[in-house]
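File shown: entry_9.cif. Contents: mmCIF, N, CA, C and O atoms.
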data_structure
loop_
_atom_site.label_atom_id
_atom_site.label_comp_id
_atom_site.auth_asym_id
_atom_site.auth_seq_id
_atom_site.Cartn_x
_atom_site.Cartn_y
_atom_site.Cartn_z
N LEU S 1 0.80 -1.20 0.00
CA LEU S 1 0.00 0.00 0.00
C LEU S 1 0.84 1.27 0.00
O LEU S 1 0.30 2.36 0.08
N ARG S 2 2.16 1.14 -0.06
CA ARG S 2 3.01 2.32 -0.07
C ARG S 2 2.68 3.20 -1.26
O ARG S 2 2.38 2.73 -2.34
N ARG S 3 2.74 4.50 -0.99
CA ARG S 3 2.53 5.54 -2.01
C ARG S 3 1.09 5.61 -2.50
O ARG S 3 0.81 6.18 -3.53
N SER S 4 0.16 5.04 -1.74
CA SER S 4 -1.25 5.08 -2.14
C SER S 4 -2.02 6.17 -1.40
O SER S 4 -3.19 6.41 -1.72
N GLY S 5 -1.40 6.79 -0.41
CA GLY S 5 -2.06 7.83 0.36
C GLY S 5 -2.76 7.34 1.62
O GLY S 5 -3.23 8.15 2.43
N VAL S 6 -2.82 6.03 1.79
CA VAL S 6 -3.51 5.47 2.96
C VAL S 6 -2.79 5.87 4.25
O VAL S 6 -3.44 6.27 5.23
N GLY S 7 -1.49 5.79 4.28
CA GLY S 7 -0.73 6.14 5.49
C GLY S 7 -0.94 7.59 5.89
O GLY S 7 -1.13 7.90 7.07
N SER S 8 -0.92 8.48 4.91
CA SER S 8 -1.13 9.91 5.21
C SER S 8 -2.53 10.15 5.76
O SER S 8 -2.71 10.95 6.68
N LYS S 9 -3.51 9.48 5.20
CA LYS S 9 -4.89 9.63 5.69
C LYS S 9 -5.03 9.11 7.12
O LYS S 9 -5.68 9.74 7.96
N LEU S 10 -4.43 7.97 7.40
CA LEU S 10 -4.47 7.42 8.76
C LEU S 10 -3.75 8.34 9.75
O LEU S 10 -4.24 8.57 10.86
N LEU S 11 -2.60 8.86 9.34
CA LEU S 11 -1.85 9.75 10.20
C LEU S 11 -2.64 11.03 10.48
O LEU S 11 -2.72 11.48 11.63
N THR S 12 -3.24 11.60 9.46
CA THR S 12 -4.07 12.80 9.63
C THR S 12 -5.23 12.53 10.58
O THR S 12 -5.52 13.34 11.47
N ALA S 13 -5.88 11.39 10.44
CA ALA S 13 -7.00 11.04 11.33
C ALA S 13 -6.52 10.90 12.77
O ALA S 13 -7.18 11.37 13.71
N ALA S 14 -5.37 10.26 12.97
CA ALA S 14 -4.82 10.10 14.32
C ALA S 14 -4.46 11.46 14.93
O ALA S 14 -4.73 11.71 16.12
N GLU S 15 -3.89 12.35 14.13
CA GLU S 15 -3.54 13.69 14.62
C GLU S 15 -4.80 14.49 14.97
O GLU S 15 -4.83 15.20 15.98
N GLU S 16 -5.83 14.37 14.16
CA GLU S 16 -7.09 15.07 14.44
C GLU S 16 -7.72 14.56 15.74
O GLU S 16 -8.24 15.35 16.54
N LEU S 17 -7.66 13.26 15.95
CA LEU S 17 -8.19 12.69 17.19
C LEU S 17 -7.38 13.19 18.39
O LEU S 17 -7.96 13.55 19.42
N ALA S 18 -6.06 13.21 18.25
CA ALA S 18 -5.21 13.70 19.33
C ALA S 18 -5.53 15.16 19.66
O ALA S 18 -5.63 15.53 20.84
N ARG S 19 -5.69 15.99 18.64
CA ARG S 19 -6.07 17.40 18.85
C ARG S 19 -7.41 17.50 19.59
O ARG S 19 -7.55 18.28 20.52
N ALA S 20 -8.39 16.70 19.15
CA ALA S 20 -9.72 16.73 19.76
C ALA S 20 -9.67 16.34 21.23
O ALA S 20 -10.49 16.78 22.03
N LYS S 21 -8.71 15.50 21.59
CA LYS S 21 -8.57 15.07 22.98
C LYS S 21 -7.66 15.99 23.79
O LYS S 21 -7.36 15.71 24.95
N GLY S 22 -7.20 17.07 23.16
CA GLY S 22 -6.41 18.07 23.87
C GLY S 22 -4.91 17.88 23.84
O GLY S 22 -4.19 18.62 24.53
N PHE S 23 -4.42 16.94 23.07
CA PHE S 23 -2.98 16.76 22.98
C PHE S 23 -2.36 17.89 22.17
O PHE S 23 -2.98 18.39 21.23
N ARG S 24 -1.16 18.29 22.53
CA ARG S 24 -0.49 19.39 21.84
C ARG S 24 0.66 18.93 20.97
O ARG S 24 1.22 19.72 20.22
N ARG S 25 1.04 17.67 21.10
CA ARG S 25 2.15 17.16 20.30
C ARG S 25 2.02 15.65 20.15
O ARG S 25 1.37 14.99 20.94
N VAL S 26 2.67 15.15 19.11
CA VAL S 26 2.77 13.70 18.88
C VAL S 26 4.26 13.39 18.82
O VAL S 26 5.01 14.09 18.16
N GLN S 27 4.68 12.35 19.52
CA GLN S 27 6.07 11.88 19.46
C GLN S 27 6.07 10.41 19.08
O GLN S 27 5.16 9.67 19.45
N LEU S 28 7.10 10.01 18.34
CA LEU S 28 7.23 8.62 17.94
C LEU S 28 8.70 8.29 17.75
O LEU S 28 9.54 9.18 17.65
N ILE S 29 8.97 6.99 17.70
CA ILE S 29 10.32 6.49 17.43
C ILE S 29 10.23 5.49 16.29
O ILE S 29 9.36 4.62 16.30
N THR S 30 11.12 5.62 15.32
CA THR S 30 11.20 4.66 14.23
C THR S 30 12.65 4.51 13.79
O THR S 30 13.45 5.44 13.94
N ALA S 31 12.98 3.34 13.27
CA ALA S 31 14.32 3.10 12.73
C ALA S 31 14.22 2.66 11.27
O ALA S 31 15.19 2.20 10.70
N PHE S 32 13.06 2.79 10.67
CA PHE S 32 12.82 2.36 9.30
C PHE S 32 13.00 3.58 8.39
O PHE S 32 12.16 4.50 8.43
N PRO S 33 14.07 3.64 7.58
CA PRO S 33 14.35 4.83 6.79
C PRO S 33 13.18 5.37 5.96
O PRO S 33 12.95 6.58 5.96
N PRO S 34 12.39 4.52 5.28
CA PRO S 34 11.25 5.09 4.55
C PRO S 34 10.21 5.74 5.48
O PRO S 34 9.58 6.72 5.10
N ALA S 35 10.09 5.23 6.71
CA ALA S 35 9.15 5.83 7.66
C ALA S 35 9.66 7.20 8.11
O ALA S 35 8.87 8.14 8.26
N ILE S 36 10.96 7.31 8.32
CA ILE S 36 11.54 8.61 8.71
C ILE S 36 11.22 9.64 7.62
O ILE S 36 10.77 10.75 7.92
N HIS S 37 11.40 9.28 6.38
CA HIS S 37 11.08 10.17 5.25
C HIS S 37 9.59 10.51 5.25
O HIS S 37 9.21 11.68 5.07
N PHE S 38 8.75 9.52 5.44
CA PHE S 38 7.30 9.71 5.47
C PHE S 38 6.90 10.72 6.54
O PHE S 38 6.13 11.65 6.28
N TYR S 39 7.42 10.56 7.75
CA TYR S 39 7.06 11.47 8.83
C TYR S 39 7.60 12.87 8.59
O TYR S 39 6.92 13.86 8.86
N HIS S 40 8.83 12.98 8.05
CA HIS S 40 9.35 14.32 7.70
C HIS S 40 8.43 14.99 6.69
O HIS S 40 8.10 16.17 6.83
N LYS S 41 8.00 14.22 5.70
CA LYS S 41 7.10 14.74 4.66
C LYS S 41 5.78 15.22 5.25
O LYS S 41 5.14 16.13 4.71
N ASN S 42 5.38 14.64 6.37
CA ASN S 42 4.11 14.98 7.02
C ASN S 42 4.29 15.94 8.20
O ASN S 42 3.40 16.03 9.06
N GLY S 43 5.41 16.65 8.24
CA GLY S 43 5.58 17.72 9.21
C GLY S 43 6.25 17.38 10.52
O GLY S 43 6.30 18.20 11.42
N TYR S 44 6.79 16.17 10.64
CA TYR S 44 7.48 15.77 11.87
C TYR S 44 8.94 16.19 11.80
O TYR S 44 9.54 16.19 10.73
N ASN S 45 9.50 16.54 12.95
CA ASN S 45 10.91 16.89 13.05
C ASN S 45 11.64 15.83 13.86
O ASN S 45 11.09 15.32 14.84
N THR S 46 12.87 15.55 13.47
CA THR S 46 13.71 14.66 14.26
C THR S 46 14.24 15.45 15.44
O THR S 46 14.88 16.48 15.26
N ILE S 47 13.94 14.98 16.64
CA ILE S 47 14.42 15.68 17.83
C ILE S 47 15.63 14.98 18.46
O ILE S 47 16.34 15.58 19.24
N LYS S 48 15.84 13.72 18.07
CA LYS S 48 17.01 12.99 18.57
C LYS S 48 17.24 11.77 17.69
O LYS S 48 16.30 11.10 17.30
N LYS S 49 18.51 11.52 17.37
CA LYS S 49 18.87 10.29 16.65
C LYS S 49 19.22 9.23 17.67
O LYS S 49 19.82 9.51 18.70
N LEU S 50 18.80 7.99 17.38
CA LEU S 50 18.98 6.89 18.32
C LEU S 50 19.63 5.70 17.62
O LEU S 50 19.23 5.34 16.51
N PRO S 51 20.59 5.04 18.27
CA PRO S 51 21.18 3.83 17.68
C PRO S 51 20.24 2.64 17.84
O PRO S 51 19.67 2.42 18.90
N PHE S 52 20.04 1.91 16.75
CA PHE S 52 19.24 0.68 16.75
C PHE S 52 20.06 -0.39 16.03
O PHE S 52 19.84 -0.64 14.84
N GLY S 53 21.00 -0.99 16.72
CA GLY S 53 21.87 -1.98 16.08
C GLY S 53 22.64 -1.33 14.94
O GLY S 53 23.34 -0.35 15.14
N SER S 54 22.47 -1.84 13.73
CA SER S 54 23.17 -1.29 12.58
C SER S 54 22.44 -0.10 11.96
O SER S 54 22.94 0.52 11.03
N LEU S 55 21.27 0.22 12.47
CA LEU S 55 20.48 1.34 11.95
C LEU S 55 20.57 2.55 12.86
O LEU S 55 20.89 2.42 14.04
N THR S 56 20.28 3.70 12.32
CA THR S 56 20.13 4.90 13.13
C THR S 56 18.67 5.27 13.11
O THR S 56 18.10 5.55 12.06
N GLY S 57 18.05 5.22 14.26
CA GLY S 57 16.65 5.56 14.37
C GLY S 57 16.46 7.02 14.68
O GLY S 57 17.41 7.79 14.79
N ALA S 58 15.21 7.41 14.81
CA ALA S 58 14.90 8.80 15.09
C ALA S 58 13.73 8.90 16.05
O ALA S 58 12.74 8.19 15.91
N CYS S 59 13.88 9.77 17.04
CA CYS S 59 12.77 10.18 17.88
C CYS S 59 12.22 11.42 17.17
O CYS S 59 12.96 12.37 16.91
N MET S 60 10.95 11.39 16.83
CA MET S 60 10.36 12.44 16.02
C MET S 60 9.17 13.06 16.75
O MET S 60 8.55 12.42 17.58
N GLU S 61 8.88 14.32 16.39
CA GLU S 61 7.83 15.05 17.06
C GLU S 61 7.14 15.99 16.09
O GLU S 61 7.77 16.55 15.18
N LYS S 62 5.84 16.18 16.31
CA LYS S 62 5.06 17.17 15.57
C LYS S 62 4.18 17.90 16.58
O LYS S 62 3.47 17.27 17.37
N LEU S 63 4.25 19.23 16.55
CA LEU S 63 3.37 20.03 17.39
C LEU S 63 2.02 20.12 16.70
O LEU S 63 1.96 20.34 15.49
N LEU S 64 0.97 19.94 17.46
CA LEU S 64 -0.37 19.94 16.86
C LEU S 64 -1.03 21.29 16.95
O LEU S 64 -0.82 22.08 17.73
#
This structure in structure tokens:
Amino acid sequence: LRRSGVGSKLLTAAEELARAKGFRRVQLITAFPPAIHFYHKNGYNTIKKLPFGSLTGACMEKLL
């Protein structure tokens, strides 16, 4: 389902729900390079890089 828009729609729905419940930010951790790109594309910033074995992961955040 990559590149079909489903992930962006799900992410937008989750962010809208978080806003409705009074959350001011979303934070997540991923070590999957395509996911890091996806979240950057959707307005998330890397706030810290994290070692995950042979990968470099990212702690990411978006202010709502």
* Selection result for the PyMOL selection byres ((chain S and resi 61) around 6) on this file, as a ChimeraX atom specification -> /S:26-28,43-47,59-60,62-63
* To do: Give me, please, the distance in Å between CA of Ala58 in chain S and CA of Ala31 in chain S, quoted to one decimal.
  =>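 For CA of Ala58 in chain S relative to CA of Ala31 in chain S, the distance reads 6.2 Å.
Relative to atom C of Gly53 in chain S, atom N of Arg2 in chain S is found at 25.5 Å.
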* Asked: Pick the closest to Ile29 in chain S from S:Val6, S:Leu17, S:Lys48, S:Asn42: which is it, counting only C-alpha atoms?
  ->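 The shortest atom-to-atom distance to Ile29 in chain S comes from S:Lys48.
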* For CA of Lys21 in chain S and CA of His40 in chain S, determine how far apart the two atoms are, in Å to one decimal place. =>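 Taking CA of Lys21 in chain S and CA of His40 in chain S, their separation equals 23.6 Å.
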Centre and edge lengths of an axis-aligned box around all listed atoms of range 34-51 of chain S, with 3 Å added on each side, are to be given in Å to one decimal, as lines of an AutoDock Vina configuration file.
center_x = 12.3
center_y = 10.3
center_z = 11.9
size_x = 23.8
size_y = 21.8
size_z = 20.7
* Asked: Can you list, as a PyMOL selection string, every residue of chain S that DSSP puts in alpha helix (DSSP H)?
  -> chain S and resi 6-20+33-41
Atoms to include: N, CA, C and O atoms. Write the selected residues as a JSON list (two decimals), in the frame of the given file.
[["chain", "number", "residue", "atom", "x", "y", "z"],
["S", 6, "VAL", "N", -2.82, 6.03, 1.79],
["S", 6, "VAL", "CA", -3.51, 5.47, 2.96],
["S", 6, "VAL", "C", -2.79, 5.87, 4.25],
["S", 6, "VAL", "O", -3.44, 6.27, 5.23],
["S", 7, "GLY", "N", -1.49, 5.79, 4.28],
["S", 7, "GLY", "CA", -0.73, 6.14, 5.49],
["S", 7, "GLY", "C", -0.94, 7.59, 5.89],
["S", 7, "GLY", "O", -1.13, 7.90, 7.07],
["S", 8, "SER", "N", -0.92, 8.48, 4.91],
["S", 8, "SER", "CA", -1.13, 9.91, 5.21],
["S", 8, "SER", "C", -2.53, 10.15, 5.76],
["S", 8, "SER", "O", -2.71, 10.95, 6.68],
["S", 9, "LYS", "N", -3.51, 9.48, 5.20],
["S", 9, "LYS", "CA", -4.89, 9.63, 5.69],
["S", 9, "LYS", "C", -5.03, 9.11, 7.12],
["S", 9, "LYS", "O", -5.68, 9.74, 7.96],
["S", 10, "LEU", "N", -4.43, 7.97, 7.40],
["S", 10, "LEU", "CA", -4.47, 7.42, 8.76],
["S", 10, "LEU", "C", -3.75, 8.34, 9.75],
["S", 10, "LEU", "O", -4.24, 8.57, 10.86],
["S", 11, "LEU", "N", -2.60, 8.86, 9.34],
["S", 11, "LEU", "CA", -1.85, 9.75, 10.20],
["S", 11, "LEU", "C", -2.64, 11.03, 10.48],
["S", 11, "LEU", "O", -2.72, 11.48, 11.63],
["S", 12, "THR", "N", -3.24, 11.60, 9.46],
["S", 12, "THR", "CA", -4.07, 12.80, 9.63],
["S", 12, "THR", "C", -5.23, 12.53, 10.58],
["S", 12, "THR", "O", -5.52, 13.34, 11.47],
["S", 13, "ALA", "N", -5.88, 11.39, 10.44],
["S", 13, "ALA", "CA", -7.00, 11.04, 11.33],
["S", 13, "ALA", "C", -6.52, 10.90, 12.77],
["S", 13, "ALA", "O", -7.18, 11.37, 13.71],
["S", 14, "ALA", "N", -5.37, 10.26, 12.97],
["S", 14, "ALA", "CA", -4.82, 10.10, 14.32],
["S", 14, "ALA", "C", -4.46, 11.46, 14.93],
["S", 14, "ALA", "O", -4.73, 11.71, 16.12],
["S", 15, "GLU", "N", -3.89, 12.35, 14.13],
["S", 15, "GLU", "CA", -3.54, 13.69, 14.62],
["S", 15, "GLU", "C", -4.80, 14.49, 14.97],
["S", 15, "GLU", "O", -4.83, 15.20, 15.98],
["S", 16, "GLU", "N", -5.83, 14.37, 14.16],
["S", 16, "GLU", "CA", -7.09, 15.07, 14.44],
["S", 16, "GLU", "C", -7.72, 14.56, 15.74],
["S", 16, "GLU", "O", -8.24, 15.35, 16.54],
["S", 17, "LEU", "N", -7.66, 13.26, 15.95],
["S", 17, "LEU", "CA", -8.19, 12.69, 17.19],
["S", 17, "LEU", "C", -7.38, 13.19, 18.39],
["S", 17, "LEU", "O", -7.96, 13.55, 19.42],
["S", 18, "ALA", "N", -6.06, 13.21, 18.25],
["S", 18, "ALA", "CA", -5.21, 13.70, 19.33],
["S", 18, "ALA", "C", -5.53, 15.16, 19.66],
["S", 18, "ALA", "O", -5.63, 15.53, 20.84],
["S", 19, "ARG", "N", -5.69, 15.99, 18.64],
["S", 19, "ARG", "CA", -6.07, 17.40, 18.85],
["S", 19, "ARG", "C", -7.41, 17.50, 19.59],
["S", 19, "ARG", "O", -7.55, 18.28, 20.52],
["S", 20, "ALA", "N", -8.39, 16.70, 19.15],
["S", 20, "ALA", "CA", -9.72, 16.73, 19.76],
["S", 20, "ALA", "C", -9.67, 16.34, 21.23],
["S", 20, "ALA", "O", -10.49, 16.78, 22.03],
["S", 33, "PRO", "N", 14.07, 3.64, 7.58],
["S", 33, "PRO", "CA", 14.35, 4.83, 6.79],
["S", 33, "PRO", "C", 13.18, 5.37, 5.96],
["S", 33, "PRO", "O", 12.95, 6.58, 5.96],
["S", 34, "PRO", "N", 12.39, 4.52, 5.28],
["S", 34, "PRO", "CA", 11.25, 5.09, 4.55],
["S", 34, "PRO", "C", 10.21, 5.74, 5.48],
["S", 34, "PRO", "O", 9.58, 6.72, 5.10],
["S", 35, "ALA", "N", 10.09, 5.23, 6.71],
["S", 35, "ALA", "CA", 9.15, 5.83, 7.66],
["S", 35, "ALA", "C", 9.66, 7.20, 8.11],
["S", 35, "ALA", "O", 8.87, 8.14, 8.26],
["S", 36, "ILE", "N", 10.96, 7.31, 8.32],
["S", 36, "ILE", "CA", 11.54, 8.61, 8.71],
["S", 36, "ILE", "C", 11.22, 9.64, 7.62],
["S", 36, "ILE", "O", 10.77, 10.75, 7.92],
["S", 37, "HIS", "N", 11.40, 9.28, 6.38],
["S", 37, "HIS", "CA", 11.08, 10.17, 5.25],
["S", 37, "HIS", "C", 9.59, 10.51, 5.25],
["S", 37, "HIS", "O", 9.21, 11.68, 5.07],
["S", 38, "PHE", "N", 8.75, 9.52, 5.44],
["S", 38, "PHE", "CA", 7.30, 9.71, 5.47],
["S", 38, "PHE", "C", 6.90, 10.72, 6.54],
["S", 38, "PHE", "O", 6.13, 11.65, 6.28],
["S", 39, "TYR", "N", 7.42, 10.56, 7.75],
["S", 39, "TYR", "CA", 7.06, 11.47, 8.83],
["S", 39, "TYR", "C", 7.60, 12.87, 8.59],
["S", 39, "TYR", "O", 6.92, 13.86, 8.86],
["S", 40, "HIS", "N", 8.83, 12.98, 8.05],
["S", 40, "HIS", "CA", 9.35, 14.32, 7.70],
["S", 40, "HIS", "C", 8.43, 14.99, 6.69],
["S", 40, "HIS", "O", 8.10, 16.17, 6.83],
["S", 41, "LYS", "N", 8.00, 14.22, 5.70],
["S", 41, "LYS", "CA", 7.10, 14.74, 4.66],
["S", 41, "LYS", "C", 5.78, 15.22, 5.25],
["S", 41, "LYS", "O", 5.14, 16.13, 4.71]]
